[in-house]
>>> print(open('protein_39.txt').read())   # compact mmCIF, C-alpha atoms
# COMPACT_ATOMS: atom_id res chain seq x y z
CA MET A 1 42.32 46.28 56.87
CA THR A 2 39.14 47.75 55.46
CA ASP A 3 38.70 49.29 52.08
CA LEU A 4 38.86 52.77 53.68
CA ASP A 5 42.42 52.07 54.76
CA THR A 6 43.59 50.71 51.42
CA THR A 7 44.50 52.74 48.39
CA PRO A 8 44.98 50.92 45.04
CA THR A 9 48.25 51.56 43.23
CA GLY A 10 48.91 51.33 39.48
CA HIS A 11 46.23 49.56 37.43
CA ASP A 12 45.67 46.40 39.40
CA PRO A 13 42.74 44.66 37.65
CA ALA A 14 42.09 42.62 40.78
CA PHE A 15 40.86 45.75 42.56
CA VAL A 16 37.14 46.15 42.02
CA PRO A 17 35.26 48.65 44.25
CA PRO A 18 32.10 47.27 45.84
CA PRO A 19 28.78 48.62 44.61
CA PRO A 20 27.19 51.46 46.64
CA GLY A 21 24.83 50.29 49.33
CA PRO A 22 23.53 51.11 52.77
CA GLY A 23 26.87 50.31 54.36
CA ALA A 24 29.12 51.31 51.50
CA PRO A 25 32.17 53.55 52.06
CA GLY A 26 30.84 56.26 49.74
CA ARG A 27 27.76 56.69 51.90
CA LYS A 28 29.95 56.90 55.04
CA ARG A 29 32.06 59.61 53.51
CA ARG A 30 28.98 61.68 52.78
CA ARG A 31 27.96 61.47 56.46
CA TRP A 32 31.27 62.89 57.73
CA PRO A 33 30.51 66.57 56.95
CA ILE A 34 27.31 66.28 58.95
CA VAL A 35 29.04 64.59 61.90
CA LEU A 36 31.88 67.13 61.78
CA GLY A 37 29.43 70.00 61.70
CA VAL A 38 27.60 68.65 64.74
CA LEU A 39 30.90 68.24 66.62
CA VAL A 40 31.97 71.79 65.74
CA ALA A 41 28.62 73.11 66.95
CA ILE A 42 28.92 71.20 70.23
CA VAL A 43 32.50 72.36 70.84
CA GLY A 44 31.65 75.93 69.83
CA GLY A 45 28.67 75.96 72.16
CA GLY A 46 30.79 74.61 74.97
CA VAL A 47 33.48 77.25 74.40
CA TRP A 48 30.84 79.99 74.29
CA GLY A 49 29.29 78.70 77.50
CA LEU A 50 32.64 78.56 79.30
CA SER A 51 33.48 82.10 78.15
CA ARG A 52 30.21 83.38 79.67
CA TRP A 53 30.69 81.58 82.98
CA ASN A 54 32.53 83.89 85.36
CA VAL A 55 34.54 82.25 88.13
CA ASN A 56 35.93 83.73 91.33
CA TYR A 57 39.52 83.81 90.15
CA TYR A 58 41.93 86.36 88.71
CA ALA A 59 45.08 85.93 86.64
CA ILE A 60 48.23 87.91 87.36
CA THR A 61 50.41 88.05 84.26
CA PRO A 62 53.57 89.97 83.29
CA GLY A 63 52.81 93.59 82.50
CA ASP A 64 55.09 96.34 81.25
CA ALA A 65 58.48 97.63 82.38
CA THR A 66 58.33 101.35 81.66
CA PRO A 67 61.08 104.01 81.95
CA VAL A 68 59.98 106.43 84.65
CA ALA A 69 61.89 109.46 83.37
CA PRO A 70 59.29 110.40 80.71
CA LEU A 71 56.59 110.12 83.38
CA ILE A 72 58.26 112.62 85.75
CA THR A 73 57.96 116.38 85.32
CA VAL A 74 60.24 118.75 87.26
CA PRO A 75 61.10 122.44 86.78
CA PRO A 76 63.27 122.94 83.66
CA ALA A 77 66.25 124.10 85.73
CA PHE A 78 66.42 120.68 87.37
CA ASN A 79 65.86 118.59 84.27
CA HIS A 80 68.91 116.59 83.18
CA PRO A 81 69.68 114.09 80.42
CA PHE A 82 70.09 110.49 81.50
CA SER A 83 72.70 107.79 81.20
CA GLY A 84 70.89 104.50 81.66
CA SER A 85 67.32 104.37 82.91
CA VAL A 86 65.07 103.40 85.80
CA LEU A 87 62.09 101.16 85.04
CA LEU A 88 58.88 100.74 86.97
CA THR A 89 57.12 97.47 86.38
CA ASP A 90 53.55 96.34 86.76
CA VAL A 91 51.37 93.29 86.22
CA PHE A 92 48.09 92.76 84.44
CA VAL A 93 45.21 91.67 86.68
CA THR A 94 42.42 89.98 84.74
CA GLN A 95 39.17 88.53 86.03
CA LEU A 96 38.73 85.04 84.62
CA ASN A 97 35.84 83.14 83.14
CA ALA A 98 35.77 79.34 83.05
CA LEU A 99 37.50 79.23 79.66
CA THR A 100 40.32 81.63 80.50
CA PHE A 101 40.71 79.95 83.90
CA LEU A 102 41.54 76.68 82.15
CA GLN A 103 43.91 78.45 79.76
CA GLU A 104 45.81 80.36 82.45
CA ARG A 105 45.79 77.60 85.08
CA TYR A 106 46.97 74.73 82.92
CA PHE A 107 48.56 76.15 79.78
CA SER A 108 50.40 79.35 80.83
CA SER A 109 53.67 79.15 82.72
CA ASP A 110 53.80 82.94 83.17
CA ALA A 111 50.42 83.37 84.91
CA GLU A 112 49.58 83.21 88.59
CA VAL A 113 45.94 82.30 89.22
CA ILE A 114 44.56 83.45 92.58
CA SER A 115 41.11 83.44 94.10
CA THR A 116 39.02 86.56 94.46
CA SER A 117 39.23 86.34 98.25
CA ASP A 118 43.05 86.15 98.16
CA LEU A 119 43.27 89.14 95.83
CA LEU A 120 40.64 91.40 97.36
CA GLY A 121 40.75 90.30 100.98
CA PRO A 122 37.69 89.77 103.16
CA SER A 123 36.25 93.30 102.96
CA THR A 124 36.93 94.77 99.50
CA PRO A 125 34.04 94.62 97.00
CA PRO A 126 35.25 93.97 93.43
CA ASP A 127 33.84 97.29 92.21
CA GLN A 128 36.13 99.17 94.63
CA PHE A 129 39.31 97.23 93.87
CA PHE A 130 40.61 99.36 91.00
CA ALA A 131 39.62 102.67 92.62
CA GLN A 132 41.61 101.66 95.69
CA GLY A 133 44.56 100.76 93.49
CA TYR A 134 44.56 104.21 91.90
CA LEU A 135 44.36 105.82 95.34
CA GLU A 136 47.39 103.78 96.40
CA MET A 137 49.26 104.98 93.32
CA THR A 138 48.48 108.60 94.21
CA GLN A 139 49.76 108.05 97.73
CA ALA A 140 52.85 106.27 96.37
CA GLN A 141 53.65 109.23 94.12
CA GLN A 142 53.50 111.60 97.08
CA ALA A 143 55.59 109.34 99.31
CA ALA A 144 58.15 108.85 96.50
CA THR A 145 58.47 112.61 96.03
CA ALA A 146 58.90 113.10 99.79
CA ALA A 147 61.51 110.32 100.07
CA ALA A 148 63.47 111.64 97.08
CA LEU A 149 63.49 115.25 98.27
CA ASN A 150 64.42 114.22 101.82
CA THR A 151 67.36 112.24 100.41
CA LEU A 152 68.50 115.26 98.40
CA GLY A 153 68.54 117.49 101.49
CA TYR A 154 65.21 119.25 101.26
CA THR A 155 62.74 119.72 104.08
CA VAL A 156 59.32 118.26 103.35
CA ARG A 157 56.19 118.91 105.39
CA ALA A 158 52.89 117.02 105.43
CA ASP A 159 49.75 118.40 107.09
CA ASN A 160 46.69 116.38 108.07
CA ALA A 161 43.90 117.13 105.60
CA GLY A 162 40.96 114.89 106.51
CA ALA A 163 39.73 111.29 106.56
CA LEU A 164 40.09 109.74 103.11
CA ILE A 165 37.42 107.16 102.27
CA TYR A 166 39.47 104.14 101.17
CA GLY A 167 36.64 101.61 101.29
CA ILE A 168 32.88 101.45 101.82
CA GLN A 169 31.05 98.45 103.23
CA PRO A 170 28.18 97.23 101.05
CA ASN A 171 24.66 97.96 102.35
CA SER A 172 26.01 100.38 104.96
CA PRO A 173 24.68 103.94 105.56
CA ALA A 174 27.66 105.29 103.60
CA ALA A 175 27.01 103.10 100.55
CA ASP A 176 24.16 105.30 99.26
CA SER A 177 25.78 108.68 99.75
CA LEU A 178 29.59 108.47 99.85
CA LYS A 179 32.21 107.23 97.39
CA VAL A 180 35.75 105.92 97.49
CA ALA A 181 38.32 108.77 97.20
CA GLU A 182 36.14 111.37 98.90
CA VAL A 183 37.51 113.03 102.04
CA VAL A 184 35.51 113.70 105.21
CA VAL A 185 36.80 116.91 106.80
CA GLY A 186 34.13 117.40 109.46
CA VAL A 187 31.17 115.87 111.32
CA ASP A 188 28.50 118.33 112.47
CA TYR A 189 30.57 121.08 114.11
CA THR A 190 33.70 118.99 114.68
CA LEU A 191 36.66 119.06 112.28
CA THR A 192 38.13 115.68 111.32
CA PRO A 193 41.70 116.24 110.10
CA THR A 194 42.61 112.56 110.65
CA ALA A 195 40.98 109.14 110.41
CA CYS A 196 41.01 108.89 114.21
CA ALA A 197 39.39 112.30 114.55
CA LEU A 198 36.53 110.99 112.42
CA VAL A 199 36.20 107.87 114.60
CA HIS A 200 36.02 109.99 117.75
CA ALA A 201 33.57 112.46 116.20
CA LEU A 202 31.15 109.64 115.38
CA ASN A 203 31.48 108.07 118.84
CA GLY A 204 28.50 109.13 120.97
CA LEU A 205 26.08 109.43 118.06
CA HIS A 206 23.25 106.91 117.88
CA PRO A 207 21.59 104.68 115.26
CA GLY A 208 18.89 106.53 113.37
CA SER A 209 20.43 109.94 114.04
CA THR A 210 21.51 112.15 111.17
CA ALA A 211 25.13 113.27 110.93
CA VAL A 212 26.01 116.26 108.78
CA LEU A 213 29.31 115.45 107.12
CA LYS A 214 31.58 117.95 105.43
CA VAL A 215 32.88 116.05 102.43
CA GLU A 216 35.44 116.99 99.82
CA LYS A 217 33.97 115.49 96.63
CA SER A 218 37.28 114.29 95.22
CA TYR A 219 37.18 111.35 92.82
CA ILE A 220 39.13 109.02 90.54
CA ASN A 221 38.71 109.96 86.88
CA ASP A 222 38.54 107.60 83.90
CA SER A 223 42.35 107.63 83.60
CA GLY A 224 42.83 106.58 87.21
CA VAL A 225 43.96 110.03 88.41
CA PHE A 226 42.90 111.48 91.77
CA VAL A 227 41.00 114.74 91.22
CA PRO A 228 40.27 117.09 94.18
CA GLY A 229 36.76 118.47 94.47
CA PRO A 230 34.69 121.07 96.35
CA VAL A 231 33.65 120.65 99.98
CA VAL A 232 29.91 120.14 100.49
CA GLN A 233 27.64 119.26 103.38
CA GLN A 234 26.08 115.83 103.20
CA LYS A 235 23.53 114.27 105.54
CA VAL A 236 23.85 110.60 106.42
CA THR A 237 21.49 108.58 108.62
CA LEU A 238 23.64 106.38 110.83
CA GLY A 239 22.97 102.69 111.35
CA THR A 240 23.38 100.10 114.07
CA PRO A 241 27.03 99.15 114.66
CA PRO A 242 28.37 95.60 114.64
CA LYS A 243 28.34 93.91 118.02
CA GLY A 244 31.41 93.71 120.23
CA LEU A 245 34.68 95.57 120.49
CA VAL A 246 36.08 97.12 117.33
CA GLU A 247 39.79 97.79 116.97
CA THR A 248 39.94 101.25 115.41
CA GLY A 249 43.71 101.61 115.31
CA CYS A 250 43.31 104.86 117.22
CA GLY A 251 44.94 103.80 120.46
CA ARG A 252 42.16 101.77 122.03
CA SER A 253 39.37 99.34 121.30
CA THR A 254 36.01 101.05 121.21
CA VAL A 255 32.38 100.03 121.42
CA PRO A 256 30.93 102.17 118.62
CA THR A 257 27.58 103.83 119.28
CA ALA A 258 26.63 104.27 115.61
CA PHE A 259 27.66 102.89 112.25
CA LEU A 260 28.74 104.77 109.10
CA GLY A 261 30.45 101.93 107.20
CA ILE A 262 33.64 103.38 105.74
CA GLU A 263 37.30 102.46 105.96
CA PRO A 264 39.07 105.79 106.58
CA GLN A 265 42.71 106.73 106.14
CA THR A 266 44.35 110.03 107.05
CA GLN A 267 44.74 112.24 104.00
CA TYR A 268 47.87 114.40 103.80
CA ALA A 269 48.48 117.75 102.19
CA TRP A 270 52.13 117.73 101.18
CA ASN A 271 54.30 120.82 101.01
CA PHE A 272 57.13 120.14 98.54
CA PRO A 273 59.88 122.76 98.01
CA VAL A 274 60.31 121.49 94.43
CA THR A 275 57.30 120.85 92.22
CA VAL A 276 57.33 117.25 91.02
CA HIS A 277 54.59 115.52 89.04
CA VAL A 278 54.50 111.80 88.21
CA HIS A 279 52.11 110.82 85.43
CA THR A 280 51.03 107.19 85.74
CA ALA A 281 47.52 107.23 84.30
CA GLY A 282 46.02 103.76 84.15
CA ILE A 283 48.50 102.19 86.63
CA GLY A 284 47.26 101.32 90.11
CA GLY A 285 48.76 100.08 93.34
CA PRO A 286 51.65 101.22 95.55
CA SER A 287 54.40 98.93 94.25
CA ALA A 288 56.03 101.50 91.94
CA GLY A 289 57.06 103.61 94.95
CA LEU A 290 60.76 102.67 94.96
CA ALA A 291 61.10 103.00 91.19
CA MET A 292 59.48 106.44 91.19
CA THR A 293 61.73 107.56 94.04
CA LEU A 294 64.87 106.50 92.16
CA GLY A 295 63.56 108.18 89.02
CA ILE A 296 62.92 111.48 90.80
CA ILE A 297 66.38 111.43 92.40
CA ASP A 298 67.95 110.67 89.02
CA LYS A 299 65.96 113.45 87.35
CA LEU A 300 66.97 116.06 89.91
CA SER A 301 70.57 115.01 90.59
CA GLY A 302 72.32 114.96 87.24
CA GLY A 303 70.99 111.87 85.47
CA HIS A 304 73.86 109.52 86.43
CA LEU A 305 72.25 107.58 89.28
CA THR A 306 72.25 104.24 87.43
CA GLY A 307 75.84 104.35 86.18
CA GLY A 308 74.56 103.70 82.67
CA HIS A 309 72.67 100.54 83.63
CA ILE A 310 69.03 99.72 82.97
CA VAL A 311 67.69 99.42 86.51
CA ALA A 312 64.25 98.12 87.46
CA ALA A 313 62.67 98.30 90.90
CA THR A 314 59.53 97.23 92.71
CA GLY A 315 58.50 97.92 96.29
CA THR A 316 56.40 100.36 98.26
CA ILE A 317 58.04 103.45 99.74
CA ASP A 318 57.30 105.80 102.60
CA ALA A 319 58.54 109.33 103.18
CA ALA A 320 61.38 108.02 105.36
CA GLY A 321 62.63 105.77 102.55
CA ASN A 322 61.51 102.41 103.92
CA VAL A 323 60.76 99.79 101.24
CA GLY A 324 57.75 97.51 101.72
CA ASP A 325 56.56 94.21 100.32
CA VAL A 326 54.56 93.88 97.09
CA GLY A 327 52.97 91.11 95.04
CA GLY A 328 53.40 89.67 91.57
CA VAL A 329 57.20 89.81 91.68
CA ALA A 330 57.70 86.63 89.64
CA GLU A 331 55.63 88.12 86.81
CA LYS A 332 57.37 91.48 87.17
CA THR A 333 60.74 89.75 86.83
CA ILE A 334 59.66 88.38 83.46
CA ALA A 335 58.60 91.89 82.38
CA VAL A 336 61.91 93.53 83.34
CA GLU A 337 63.86 90.74 81.64
CA ARG A 338 61.95 91.44 78.44
CA ALA A 339 62.73 95.16 78.78
CA GLY A 340 66.49 94.51 78.96
CA ALA A 341 67.07 95.39 82.63
CA THR A 342 70.33 94.16 84.18
CA VAL A 343 69.60 95.26 87.78
CA PHE A 344 66.38 94.58 89.69
CA PHE A 345 65.64 95.83 93.22
CA VAL A 346 62.98 93.90 95.17
CA PRO A 347 61.87 93.77 98.83
CA PRO A 348 63.67 91.06 100.84
CA GLN A 349 60.48 89.01 101.14
CA GLU A 350 60.36 88.64 97.34
CA LEU A 351 64.00 87.82 96.61
CA ALA A 352 63.35 84.08 96.08
CA ALA A 353 60.39 84.74 93.78
CA ALA A 354 62.42 87.12 91.63
CA ARG A 355 65.44 84.84 91.40
CA SER A 356 63.21 81.93 90.39
CA LYS A 357 62.45 83.75 87.12
CA ALA A 358 65.69 85.71 86.60
CA THR A 359 68.29 84.64 84.06
CA ALA A 360 72.03 85.06 84.51
CA GLY A 361 71.95 88.51 82.90
CA LEU A 362 69.63 90.00 85.51
CA HIS A 363 71.16 90.75 88.92
CA VAL A 364 68.51 90.80 91.64
CA TYR A 365 69.14 92.70 94.88
CA ALA A 366 67.01 92.67 98.03
CA VAL A 367 66.63 96.12 99.62
CA SER A 368 64.56 97.22 102.60
CA THR A 369 65.48 100.92 102.42
CA LEU A 370 66.15 103.53 99.77
CA ASP A 371 69.65 104.05 101.18
CA GLN A 372 70.53 100.41 100.49
CA ALA A 373 69.48 100.78 96.84
CA LEU A 374 71.53 103.98 96.49
CA ARG A 375 74.64 102.31 97.98
CA ILE A 376 74.34 99.42 95.52
CA LEU A 377 73.97 101.84 92.60
CA LYS A 378 77.05 103.70 93.79
CA ARG A 379 79.05 100.44 93.73
CA LEU A 380 77.79 99.91 90.17
CA GLY A 381 79.12 103.30 89.09
CA GLY A 382 76.14 105.54 89.79
CA THR A 383 76.49 109.05 91.23
CA VAL A 384 74.17 111.57 92.88
CA THR A 385 75.08 115.25 92.53
CA THR A 386 73.50 117.49 95.18
CA SER A 387 75.74 120.57 95.16
CA HIS A 388 73.32 122.45 92.90
CA LEU A 389 70.32 121.41 95.01
CA LEU A 390 71.29 121.93 98.64
CA PRO A 391 71.36 125.76 98.56
CA GLN A 392 67.70 125.65 97.52
CA ALA A 393 66.61 123.35 100.32
CA ALA A 394 63.88 124.79 102.50
CA PRO A 395 65.12 126.37 105.76
>>> encode(input="protein_39.txt", output="structure tokens")
Amino acid sequence: MTDLDTTPTGHDPAFVPPPPGPGAPGRKRRRWPIVLGVLVAIVGGGVWGLSRWNVNYYAITPGDATPVAPLITVPPAFNHPFSGSVLLTDVFVTQLNALTFLQERYFSSDAEVISTSDLLGPSTPPDQFFAQGYLEMTQAQQAATAAALNTLGYTVRADNAGALIYGIQPNSPAADSLKVAEVVVGVDYTLTPTACALVHALNGLHPGSTAVLKVEKSYINDSGVFVPGPVVQQKVTLGTPPKGLVETGCGRSTVPTAFLGIEPQTQYAWNFPVTVHVHTAGIGGPSAGLAMTLGIIDKLSGGHLTGGHIVAATGTIDAAGNVGDVGGVAEKTIAVERAGATVFFVPPQELAAARSKATAGLHVYAVSTLDQALRILKRLGGTVTTSHLLPQAAP
């Protein structure tokens, strides 16, 4: 042992400390603050550097499980108190730097780390990702309202309303003049009520020519809400199309004659016999579709749909009530557990992921349609009252 490892006890006269010198312990002790300070500076600089070094990865972590009832507004005559509740659940999506990548990848059991390409796909620029998510939420709200009203016996109609700009290719002719969430309703003198109508209207035009687009200047506001806008005329100089056949999804493969550079979807104008609003500011993506549908049905049909249970759901929905696959279900399961849910509906593809995180108190059910979810809720004691609604269904 050295003197630094030995501490004298009592008053042992045999213990005599050595005189200070170049190698004496006292001098070594005085060096330690300097060495420690240097180490702290090195570590701090390294941490700062890692925090400034962005990497091409995102973390998906458990978000919130929120009751949908307070988010849904219906006419006062249809508003009912609730027994139990329906929860929608989301995840947090965070872009990682080198420091947070290490934290989430190796020290967090609740995080899923995925690459930028896996999250965004091959064609989505990062700056369009969240705008697209808010568009998907808007579409999910409309589909949920349609599915709920159809289930309750109403007649719902949707009219084609233009070609919604879902994505824009970087460095394309559209990149300088158009934005995600705008709607193209005409090209020159041709109306474009659908995405395919826009494709056909552009076919035959040539690179370098100018197309006069009629564009509804709708947009996504700072809260993530779709806001309609006025229709204006906008000139765009078309570019040279990519080589080869392009599958347009409009019934045939086409050799395009000019290039605009947008990813269009058909925009719908819905005609709902009952006015329903769903307020989900700040939440993006389509995965709350099933939860919103159940919440609307519960709100309009007496408030006893859940049989007094706390029910969570995730899954896309269409107007016919078909439930589609979603992501982040393992993290969503953690969120609904924390919120006290006892029932969780998920798409069949995600049943294993949900059960891998569920405890014994959370019963997970795989459903591919709205009707399946309603039958399960009926077995659990839930009821849907439609006698006061059917006389008001549209003829």
>>> closest_residue(input="protein_39.txt", among="A:Val74, A:Val185, A:Ala144, A:Ile310", to="A:Leu380", atoms="all atoms listed in the file")
A:Ile310
>>> residues_around(input="protein_39.txt", residues="stretch 224-240 of chain A", least_positions_apart="5", cutoff="8 Å", atoms="all atoms listed in the file", output="PyMOL selection string")
chain A and resi 131+134-135+138+172-174+177+181+206-219+257-260+281-284
>>> write_last_selection(input="protein_39.txt", atoms="C-alpha atoms", output="compact mmCIF listing (two decimals), in the frame of the given file")
# COMPACT_ATOMS: atom_id res chain seq x y z
CA ALA A 131 39.62 102.67 92.62
CA TYR A 134 44.56 104.21 91.90
CA LEU A 135 44.36 105.82 95.34
CA THR A 138 48.48 108.60 94.21
CA SER A 172 26.01 100.38 104.96
CA PRO A 173 24.68 103.94 105.56
CA ALA A 174 27.66 105.29 103.60
CA SER A 177 25.78 108.68 99.75
CA ALA A 181 38.32 108.77 97.20
CA HIS A 206 23.25 106.91 117.88
CA PRO A 207 21.59 104.68 115.26
CA GLY A 208 18.89 106.53 113.37
CA SER A 209 20.43 109.94 114.04
CA THR A 210 21.51 112.15 111.17
CA ALA A 211 25.13 113.27 110.93
CA VAL A 212 26.01 116.26 108.78
CA LEU A 213 29.31 115.45 107.12
CA LYS A 214 31.58 117.95 105.43
CA VAL A 215 32.88 116.05 102.43
CA GLU A 216 35.44 116.99 99.82
CA LYS A 217 33.97 115.49 96.63
CA SER A 218 37.28 114.29 95.22
CA TYR A 219 37.18 111.35 92.82
CA THR A 257 27.58 103.83 119.28
CA ALA A 258 26.63 104.27 115.61
CA PHE A 259 27.66 102.89 112.25
CA LEU A 260 28.74 104.77 109.10
CA ALA A 281 47.52 107.23 84.30
CA GLY A 282 46.02 103.76 84.15
CA ILE A 283 48.50 102.19 86.63
CA GLY A 284 47.26 101.32 90.11
>>> closest_residue(input="protein_39.txt", among="A:Gly324, A:Gly303, A:Pro70, A:Gly249", to="A:Pro286", atoms="all atoms listed in the file")
A:Gly324
>>> atom_distance(input="protein_39.txt", atom1="atom CA of A:Ala161", atom2="atom CA of A:Ala201")
15.5 Å
>>> atom_distance(input="protein_39.txt", atom1="atom CA of A:Ser368", atom2="atom CA of A:Ala288")
14.3 Å
>>> closest_residue(input="protein_39.txt", among="A:Val311, A:Leu152, A:Val184, A:Ala341", to="A:Val384", atoms="all atoms listed in the file")
A:Leu152
>>> closest_residue(input="protein_39.txt", among="A:Asn171, A:Gln139, A:Asn97, A:Thr314", to="A:Thr66", atoms="all atoms listed in the file")
A:Thr314
>>> closest_atom_pairs(input="protein_39.txt", of="stretch 257-340 of chain A", to="stretch 344-355 of chain A", cutoff="9 Å", atoms="all atoms listed in the file", output="Markdown table")
| residue | atom | partner | partner_atom | distance |
| --- | --- | --- | --- | --- |
| A:Leu290 | CA | A:Phe345 | CA | 8.6 |
| A:Ala291 | CA | A:Phe345 | CA | 8.7 |
| A:Ile310 | CA | A:Phe344 | CA | 8.9 |
| A:Val311 | CA | A:Phe344 | CA | 5.9 |
| A:Ala312 | CA | A:Phe344 | CA | 4.7 |
| A:Ala313 | CA | A:Phe345 | CA | 4.5 |
| A:Thr314 | CA | A:Val346 | CA | 5.4 |
| A:Gly315 | CA | A:Pro347 | CA | 5.9 |
| A:Thr316 | CA | A:Pro347 | CA | 8.6 |
| A:Val323 | CA | A:Pro347 | CA | 6.6 |
| A:Gly324 | CA | A:Pro347 | CA | 6.3 |
| A:Asp325 | CA | A:Pro347 | CA | 5.5 |
| A:Val326 | CA | A:Pro347 | CA | 7.5 |
| A:Gly327 | CA | A:Glu350 | CA | 8.1 |
| A:Gly328 | CA | A:Ala353 | CA | 8.8 |
| A:Val329 | CA | A:Ala354 | CA | 5.9 |
| A:Ala330 | CA | A:Ala354 | CA | 5.1 |
| A:Glu331 | CA | A:Ala354 | CA | 8.4 |
| A:Lys332 | CA | A:Ala354 | CA | 8.0 |
| A:Thr333 | CA | A:Ala354 | CA | 5.7 |
| A:Ile334 | CA | A:Ala354 | CA | 8.7 |
| A:Val336 | CA | A:Phe344 | CA | 7.8 |
>>> decode(input="protein_39.txt", residues="stretch 76-97 of chain A", atoms="C-alpha atoms", output="compact mmCIF listing (two decimals), in the first residue's frame")
# COMPACT_ATOMS: atom_id res chain seq x y z
CA PRO A 76 -76.22 20.07 -28.66
CA ALA A 77 -79.27 17.88 -29.30
CA PHE A 78 -76.98 14.92 -29.98
CA ASN A 79 -74.55 15.50 -27.14
CA HIS A 80 -74.72 12.86 -24.41
CA PRO A 81 -72.84 12.17 -21.17
CA PHE A 82 -70.47 9.22 -21.21
CA SER A 83 -69.95 6.07 -19.22
CA GLY A 84 -66.36 5.02 -19.81
CA SER A 85 -64.25 6.64 -22.50
CA VAL A 86 -62.55 6.12 -25.84
CA LEU A 87 -58.87 7.04 -26.12
CA LEU A 88 -56.86 7.92 -29.18
CA THR A 89 -53.15 7.36 -28.83
CA ASP A 90 -50.14 8.78 -30.58
CA VAL A 91 -46.36 8.59 -30.51
CA PHE A 92 -43.65 11.23 -30.37
CA VAL A 93 -41.38 11.35 -33.42
CA THR A 94 -38.06 13.05 -32.68
CA GLN A 95 -35.14 13.64 -35.01
CA LEU A 96 -31.95 12.48 -33.31
CA ASN A 97 -28.48 13.89 -32.98
